[in-house]
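Below you'll find the structure, written out as structure tokens, and then a few comments.
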Amino acid sequence: MKIAIVSGKGGVGKSMLTSSLVMFFSQKKKVVAVDCDVDAPNLHLWLGEDEKWDETKKVSVSEKPIIDFKKCIGCGQCVEICAFDALKLRKGKPALNQFFCEGCGACEVVCPVKAITMKKVKNAEIRVKKNVYGFPLISAQLYPGETGSGKIVDQIKEKAEGFKHELMVLDSPAGIGCPVIATLNGTDFAILISEPTPSGFSDMKRVLTVVNHFKIPYGVVINKWDINPEQSSEIEKWAKNKLLGKVSYDKQIFRAISNLKPIIKTNLAVKKEIKEIYTKLQKTL
Amino acid sequence: MNITQIGVTGGKGGTGKSTVSILLANKFRKKKRKVVLCDCDVECPNDYLLLGQKLKNPVKKVYAQFPKLDKDKCQQCGLCVKNCRSGAIFQPPGKQPFFLHELCSGCGLCWHLCPYQAIGVEKKVIGEIFENQIDKNFYLVTGRSVGVVDETGPIVTKLKEVALGLAKKIKTDYLLVDTAVGMHCGVIRALIGVDFAYTVTEPTPLGAHDLRLILKLLKTLKVPTKIILNQADLGKKELINKISKDAGVGIKYEILYSKKLVIAYSQGELGKVNIL
């Protein structure tokens, strides 16, 4: 069983909720936690972990074209096919903008004189901590400026499968594009979390289009509901029976995370509220 | 005429990129300068909501090409499946392949590779671009992806073209570029071409962690930057001070937690707040 926590908007509480739920679940089940925010992974911090990993492995999730200029005849077909504007002709020869290159390999295929070879680049690392409160955490970092976030999400999900588990909990990145699609693909249940603001609500509905595309059953959590009770009740009405629960705003959460203290190791009211969500979730799953 | 292009980015989500973008616009407007704000978070655009606007008729649509199988020509050779780096082509044993457009980047490799010319091209709308005039001196240009789109980067590039075009046409002083969260291609495409960028963060280990990463990216992109510390009075400021010192990147503004700001944010009235 796989559950993913998504939101569209960033900073609305995905990792806070994921870390707490996974810790609750680990008391009864064999779990594995996966941080799919490979751009800016933070789940380890919410679990009170610093940067000491049991295993760090450099991986390649992308390829880049190497152009043999002795062979290149400057025909420009590679420039023409590139859907990402990563190749431009400069003084009659193709020049690569590495930041735009998706490593798709279309240029290699189209080159009539075989002057282009795709070469793997080590552009990310996968990190594993085998025992965080009795469960493993898989995380990854795509090096800044590199592409291939969806592919590395696929890789860490595969890595997580290698650990014996009954439940895999995936913390999604923000947005609704490539790495979010990769996170949701193959997931059995999604938890949509939002804050009661027009942006939070709008982005939650945007990520729901991806959840619905994959026909994934879902539940809704409203974080910081009391900062705007009116907007919160609007989201509640919209969510109907999908509502899993509400979490209140507490400045102390800021302090807890500043001291790397997981929410369920505190005595804050939000701990109780998340426990109720956990209980309801157990019945729903 | 010179248009100053300023990026607003941050790595971590929810630190206040959109808020800061609008506060900066307000600051320039107060000085009677003309501003175009470009919301490059095409997956989850929010600036229009913070300004109490609606996205009505797109001024431009962004298209991408996707593969389409000609079933009569396909010989089930499997070459397309084997070579697709996006894992977007699936072929059940003994059957014809099919294309998963939600995983497809639209790169075109498969239709050029197919030895039987069995793969055609289907054009689809992947994004829309909107323009809103907020007042005489303030315009908003927004990009928004349409449906389930794997590769949103090209929408950002097209969006910036439109925003720059408008900026030149109306002779604006500033083009503000509000990026998405993270450090992916959409963020990079938004930051390419900016003269300078503000990095918005919060005083927590999360903010600090992601600040280090985004500063690294900005250095790679050769974009000069200054930090804006939001909710500066909550959490641990020393975490950010240390990074600022280590990286030699100064803190330009500190924004304190304010109920007034939160209310303006959630009521679409951020355009009226002047605190920078």
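Numbering starts fresh at 1 for the residues of each chain in the structure tokens, the chains themselves are lettered A, B, ... in the order given, and ligands are numbered from 1 as they appear.
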Considering only C-alpha atoms, give me a table of residues in segment 112-220 of chain B that are at most 6 Å from segment 53-64 of chain B, with the closest atom pair and distance in Å for each, as a Markdown table.
```
| residue | atom | partner | partner_atom | distance |
| --- | --- | --- | --- | --- |
| B:Lys123 | CA | B:Ala64 | CA | 5.8 |
| B:Lys124 | CA | B:Tyr63 | CA | 5.4 |
| B:Val125 | CA | B:Tyr63 | CA | 4.4 |
| B:Ile126 | CA | B:Tyr63 | CA | 5.5 |
| B:Gly127 | CA | B:Val62 | CA | 4.8 |
| B:Glu128 | CA | B:Lys61 | CA | 4.5 |
| B:Ile129 | CA | B:Pro58 | CA | 5.2 |
| B:Phe130 | CA | B:Pro58 | CA | 4.6 |
```
What residues in chain B have any atom no more than 6 Å from chain A when counting only C-alpha atoms, and can you write them as a PyMOL selection string?
-> chain B and resi 13-14+43-44+46+85+107+109+148-150+182-183+204-205+210+217+235+266
Those same residues - N, CA and C atoms - I'd like them written as an mmCIF file, in the first residue's frame.
```cif
data_model
loop_
_atom_site.group_PDB
_atom_site.id
_atom_site.type_symbol
_atom_site.label_atom_id
_atom_site.label_comp_id
_atom_site.auth_asym_id
_atom_site.auth_seq_id
_atom_site.Cartn_x
_atom_site.Cartn_y
_atom_site.Cartn_z
ATOM 1 N N GLY B 13 8.930 26.171 -0.476
ATOM 2 C CA GLY B 13 7.597 26.699 -0.732
ATOM 3 C C GLY B 13 7.035 27.400 0.491
ATOM 4 N N GLY B 14 6.124 28.315 0.236
ATOM 5 C CA GLY B 14 5.400 28.955 1.333
ATOM 6 C C GLY B 14 6.228 29.919 2.158
ATOM 7 N N GLU B 43 2.553 25.947 -12.674
ATOM 8 C CA GLU B 43 1.808 24.792 -12.169
ATOM 9 C C GLU B 43 0.772 25.244 -11.145
ATOM 10 N N CYS B 44 1.134 26.187 -10.329
ATOM 11 C CA CYS B 44 0.221 26.706 -9.310
ATOM 12 C C CYS B 44 0.356 28.230 -9.209
ATOM 13 N N ASN B 46 -0.485 31.976 -8.315
ATOM 14 C CA ASN B 46 -1.282 32.538 -7.225
ATOM 15 C C ASN B 46 -1.317 34.057 -7.202
ATOM 16 N N ARG B 85 13.186 7.840 -22.950
ATOM 17 C CA ARG B 85 13.822 8.064 -21.650
ATOM 18 C C ARG B 85 12.829 8.543 -20.610
ATOM 19 N N CYS B 107 9.337 15.092 -26.574
ATOM 20 C CA CYS B 107 10.658 15.395 -27.138
ATOM 21 C C CYS B 107 10.768 15.062 -28.621
ATOM 22 N N LEU B 109 11.606 12.083 -29.943
ATOM 23 C CA LEU B 109 12.538 10.999 -30.266
ATOM 24 C C LEU B 109 11.828 9.839 -30.955
ATOM 25 N N VAL B 148 -2.905 17.624 -17.225
ATOM 26 C CA VAL B 148 -1.756 16.959 -16.610
ATOM 27 C C VAL B 148 -0.563 17.080 -17.557
ATOM 28 N N VAL B 149 0.363 17.976 -17.214
ATOM 29 C CA VAL B 149 1.511 18.240 -18.084
ATOM 30 C C VAL B 149 2.797 17.855 -17.368
ATOM 31 N N ASP B 150 3.557 16.959 -17.981
ATOM 32 C CA ASP B 150 4.801 16.489 -17.373
ATOM 33 C C ASP B 150 5.870 17.581 -17.430
ATOM 34 N N GLY B 182 11.205 25.246 -5.548
ATOM 35 C CA GLY B 182 12.158 24.250 -6.007
ATOM 36 C C GLY B 182 13.268 24.839 -6.850
ATOM 37 N N MET B 183 13.955 23.935 -7.570
ATOM 38 C CA MET B 183 15.085 24.381 -8.381
ATOM 39 C C MET B 183 15.072 23.713 -9.731
ATOM 40 N N THR B 204 14.049 29.002 9.700
ATOM 41 C CA THR B 204 13.929 27.645 10.256
ATOM 42 C C THR B 204 15.012 26.783 9.609
ATOM 43 N N PRO B 205 15.277 25.585 10.160
ATOM 44 C CA PRO B 205 16.245 24.697 9.500
ATOM 45 C C PRO B 205 15.809 24.355 8.076
ATOM 46 N N ASP B 210 17.127 24.871 2.375
ATOM 47 C CA ASP B 210 16.799 25.161 0.978
ATOM 48 C C ASP B 210 17.486 26.432 0.483
ATOM 49 N N LEU B 217 22.456 27.308 -6.769
ATOM 50 C CA LEU B 217 21.907 27.387 -8.124
ATOM 51 C C LEU B 217 22.131 28.773 -8.724
ATOM 52 N N GLY B 235 11.109 31.731 14.891
ATOM 53 C CA GLY B 235 12.177 30.769 14.611
ATOM 54 C C GLY B 235 13.554 31.251 15.009
ATOM 55 N N SER B 266 -4.992 36.764 2.282
ATOM 56 C CA SER B 266 -6.110 35.852 2.037
ATOM 57 C C SER B 266 -7.338 36.567 1.477
#
```
For atom CA of Lys246 of chain A and atom CA of Val221 of chain A, quote the distance in Å rounded to one decimal.
-> 5.7 Å
Identify all residues of segment 31-246 of chain B in strand (DSSP E or B) (DSSP on the backbone) and supply them as a ChimeraX atom specification.
-> /B:35-39,60-69,89-90,98-99,119-135,138-145,174-178,196-201,225-230
Excluding segment 197-202 of chain B and residues on its chain fewer than 5 positions from it, collect all residues at most 7 Å away from it, counting only C-alpha atoms, and give them as number ranges by chain.
-> B: 6-10, 15-17, 207, 211, 223-232
What does the file look like for those residues with N, CA and C atoms, as a short mmCIF file (atom, residue, chain, number, x, y, z; two decimals), in the first residue's frame?
```
data_model
loop_
_atom_site.label_atom_id
_atom_site.label_comp_id
_atom_site.auth_asym_id
_atom_site.auth_seq_id
_atom_site.Cartn_x
_atom_site.Cartn_y
_atom_site.Cartn_z
N ILE B 6 13.99 41.63 -12.42
CA ILE B 6 14.31 41.14 -11.07
C ILE B 6 13.56 39.84 -10.78
N GLY B 7 14.31 38.81 -10.42
CA GLY B 7 13.70 37.53 -10.06
C GLY B 7 13.38 37.48 -8.58
N VAL B 8 12.34 36.71 -8.24
CA VAL B 8 12.03 36.45 -6.83
C VAL B 8 11.90 34.94 -6.71
N THR B 9 12.82 34.34 -5.94
CA THR B 9 12.84 32.88 -5.86
C THR B 9 13.10 32.46 -4.41
N GLY B 10 13.33 31.16 -4.17
CA GLY B 10 13.54 30.81 -2.77
C GLY B 10 13.78 29.34 -2.47
N THR B 15 7.38 30.35 1.63
CA THR B 15 8.17 31.30 2.41
C THR B 15 7.77 32.74 2.10
N GLY B 16 7.02 32.92 1.01
CA GLY B 16 6.53 34.27 0.71
C GLY B 16 7.02 34.87 -0.59
N LYS B 17 7.34 34.04 -1.57
CA LYS B 17 7.82 34.55 -2.86
C LYS B 17 6.79 35.47 -3.51
N GLY B 207 14.10 26.41 5.99
CA GLY B 207 14.45 27.58 5.19
C GLY B 207 15.94 27.60 4.93
N LEU B 211 17.78 27.35 1.41
CA LEU B 211 18.49 28.57 1.03
C LEU B 211 19.88 28.24 0.51
N VAL B 223 23.68 34.60 -11.28
CA VAL B 223 22.70 35.64 -10.98
C VAL B 223 23.03 36.22 -9.60
N PRO B 224 23.33 37.53 -9.51
CA PRO B 224 23.59 38.14 -8.20
C PRO B 224 22.32 38.14 -7.36
N THR B 225 22.46 38.02 -6.05
CA THR B 225 21.26 37.92 -5.22
C THR B 225 21.43 38.55 -3.84
N LYS B 226 20.29 38.85 -3.23
CA LYS B 226 20.23 39.27 -1.83
C LYS B 226 19.09 38.49 -1.18
N ILE B 227 19.21 38.31 0.14
CA ILE B 227 18.21 37.53 0.86
C ILE B 227 17.10 38.43 1.39
N ILE B 228 15.87 37.92 1.34
CA ILE B 228 14.78 38.57 2.07
C ILE B 228 14.28 37.57 3.10
N LEU B 229 14.37 37.95 4.36
CA LEU B 229 13.99 37.03 5.43
C LEU B 229 12.56 37.35 5.87
N ASN B 230 11.67 36.39 5.60
CA ASN B 230 10.26 36.57 5.94
C ASN B 230 9.98 35.95 7.31
N GLN B 231 8.98 36.44 8.00
CA GLN B 231 8.64 36.01 9.36
C GLN B 231 9.90 36.03 10.23
N ALA B 232 10.67 37.10 10.06
CA ALA B 232 12.00 37.20 10.66
C ALA B 232 12.00 37.10 12.18
#
```
Between atom CA of Glu122 of chain B and atom CA of Pro94 of chain A lies a distance of 27.1 Å
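The residue set within 12 Å of Lys2 of chain A, counting only C-alpha atoms and dropping same-chain residues fewer than 5 places from it, reads Val22, Val31, Val32, Ala33, Val34, Lys157, Ala160, Glu161, His165, Glu166, Leu167, Met168, Val169, Leu170, Asp171, Thr183, Leu184, Asn185, Gly186, Thr187, Asp188, Phe189, Ala190, Ile191, Ile216, Pro217, Tyr218 and Leu285 of chain A.
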Could you take the residues named above and write them with C-alpha atoms, as an mmCIF file, in the first residue's frame?
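Ended up saving to result.cif:
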```
data_model
loop_
_atom_site.group_PDB
_atom_site.id
_atom_site.type_symbol
_atom_site.label_atom_id
_atom_site.label_comp_id
_atom_site.auth_asym_id
_atom_site.auth_seq_id
_atom_site.Cartn_x
_atom_site.Cartn_y
_atom_site.Cartn_z
ATOM 1 C CA VAL A 22 4.528 8.023 9.298
ATOM 2 C CA VAL A 31 6.533 1.429 7.117
ATOM 3 C CA VAL A 32 8.997 3.076 4.782
ATOM 4 C CA ALA A 33 9.101 6.849 4.276
ATOM 5 C CA VAL A 34 10.039 8.431 0.944
ATOM 6 C CA LYS A 157 10.398 4.617 -5.045
ATOM 7 C CA ALA A 160 12.036 1.972 -1.075
ATOM 8 C CA GLU A 161 10.372 -1.164 -2.481
ATOM 9 C CA HIS A 165 7.129 -2.896 4.393
ATOM 10 C CA GLU A 166 3.360 -2.943 4.579
ATOM 11 C CA LEU A 167 2.969 0.763 3.960
ATOM 12 C CA MET A 168 4.962 3.263 1.925
ATOM 13 C CA VAL A 169 4.380 6.932 2.735
ATOM 14 C CA LEU A 170 5.438 9.425 0.056
ATOM 15 C CA ASP A 171 5.983 13.117 0.698
ATOM 16 C CA THR A 183 5.082 10.534 -7.012
ATOM 17 C CA LEU A 184 1.368 9.900 -7.621
ATOM 18 C CA ASN A 185 1.828 7.303 -10.364
ATOM 19 C CA GLY A 186 1.037 3.912 -8.784
ATOM 20 C CA THR A 187 -0.151 5.337 -5.465
ATOM 21 C CA ASP A 188 -3.200 3.805 -3.745
ATOM 22 C CA PHE A 189 -4.340 6.803 -1.737
ATOM 23 C CA ALA A 190 -3.602 10.530 -1.729
ATOM 24 C CA ILE A 191 -3.887 13.006 1.099
ATOM 25 C CA ILE A 216 -6.594 7.676 -6.930
ATOM 26 C CA PRO A 217 -8.972 7.799 -3.941
ATOM 27 C CA TYR A 218 -8.171 10.735 -1.668
ATOM 28 C CA LEU A 285 -7.683 2.809 4.013
#
```
Using only C-alpha atoms, determine which residues lie at most 7 Å from Asp39 of chain B, disregarding the query and same-chain residues fewer than 2 positions distant; provide the list as a ChimeraX atom specification.
-> /B:37,41,45,47,141-143,177-179
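By chain and then residue number, the residues within 8 Å of Ala163 of chain B are Val36, Cys38, Val141 and Leu175 of chain B, counting only C-alpha atoms and disregarding those fewer than 5 positions away in sequence.
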Go ahead and save the picked residues with C-alpha atoms, as a compact mmCIF listing (two decimals), in the first residue's frame.
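Saved file result30.txt follows:
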```txt
# COMPACT_ATOMS: atom_id res chain seq x y z
CA VAL B 36 5.11 44.16 -15.13
CA CYS B 38 5.29 37.80 -14.40
CA VAL B 141 1.24 38.32 -16.79
CA LEU B 175 9.92 43.27 -14.95
```
Taking the chain letters and numbering used in this document, name the residues of segment 52-251 of chain B that DSSP puts in alpha helix (DSSP H), as an MDAnalysis selection string.
-> chainID B and resid 79:83 109:113 153:169 185:191 205:220 237:247
Emit the selected residues as a compact mmCIF listing (two decimals), in the first residue's frame, including C-alpha atoms.
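The resulting file, result.txt, is reproduced below:
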```txt
# COMPACT_ATOMS: atom_id res chain seq x y z
CA LEU B 79 12.25 0.38 -30.66
CA CYS B 80 10.25 3.37 -29.40
CA VAL B 81 9.60 1.72 -26.02
CA LYS B 82 13.25 0.83 -25.58
CA ASN B 83 14.49 4.32 -26.37
CA LEU B 109 12.54 11.00 -30.27
CA CYS B 110 10.02 8.22 -30.93
CA TRP B 111 8.52 9.64 -34.08
CA HIS B 112 11.93 10.26 -35.59
CA LEU B 113 13.22 6.86 -34.56
CA GLY B 153 9.41 24.32 -18.51
CA PRO B 154 8.56 25.33 -22.10
CA ILE B 155 5.43 27.15 -20.82
CA VAL B 156 7.69 29.30 -18.66
CA THR B 157 9.96 30.17 -21.59
CA LYS B 158 6.97 31.20 -23.74
CA LEU B 159 5.48 33.13 -20.82
CA LYS B 160 8.64 35.13 -20.34
CA GLU B 161 8.68 36.00 -24.03
CA VAL B 162 5.14 37.37 -23.72
CA ALA B 163 5.95 39.27 -20.51
CA LEU B 164 9.09 40.80 -22.03
CA GLY B 165 7.13 41.75 -25.11
CA LEU B 166 4.54 43.55 -23.02
CA ALA B 167 7.22 45.21 -20.91
CA LYS B 168 8.87 46.62 -24.02
CA LYS B 169 5.58 47.65 -25.60
CA CYS B 185 13.76 23.51 -15.04
CA GLY B 186 10.74 25.81 -14.61
CA VAL B 187 12.62 27.84 -11.99
CA ILE B 188 15.80 27.92 -14.05
CA ARG B 189 13.93 29.03 -17.17
CA ALA B 190 12.30 31.81 -15.14
CA LEU B 191 15.66 32.97 -13.78
CA PRO B 205 16.25 24.70 9.50
CA LEU B 206 13.97 24.06 6.49
CA GLY B 207 14.45 27.58 5.19
CA ALA B 208 18.18 27.37 5.87
CA HIS B 209 18.53 23.99 4.15
CA ASP B 210 16.80 25.16 0.98
CA LEU B 211 18.49 28.57 1.03
CA ARG B 212 21.90 26.91 0.76
CA LEU B 213 20.70 24.99 -2.29
CA ILE B 214 19.12 27.93 -4.12
CA LEU B 215 22.19 30.10 -3.50
CA LYS B 216 24.24 27.37 -5.13
CA LEU B 217 21.91 27.39 -8.12
CA LEU B 218 22.02 31.18 -8.44
CA LYS B 219 25.80 31.04 -8.34
CA THR B 220 25.80 28.45 -11.12
CA LYS B 237 17.40 33.99 12.76
CA GLU B 238 21.00 32.98 13.45
CA LEU B 239 20.61 30.04 11.04
CA ILE B 240 20.08 32.47 8.16
CA ASN B 241 22.68 34.97 9.40
CA LYS B 242 25.28 32.23 9.27
CA ILE B 243 24.50 31.28 5.67
CA SER B 244 24.40 34.95 4.69
CA LYS B 245 27.86 35.40 6.15
CA ASP B 246 29.32 32.15 4.74
CA ALA B 247 28.00 32.81 1.25
```
Find the distance between atom CA of Trp53 of chain A and atom CA of Val6 of chain A and write it in Å to one decimal.
-> 25.1 Å
Which neighbours of Ile193 of chain A fall inside 6 Å, counting only C-alpha atoms, when residues of the same chain fewer than 5 positions from it are skipped, and could you give them as an MDAnalysis selection string?
-> chainID A and resid 7 220:222
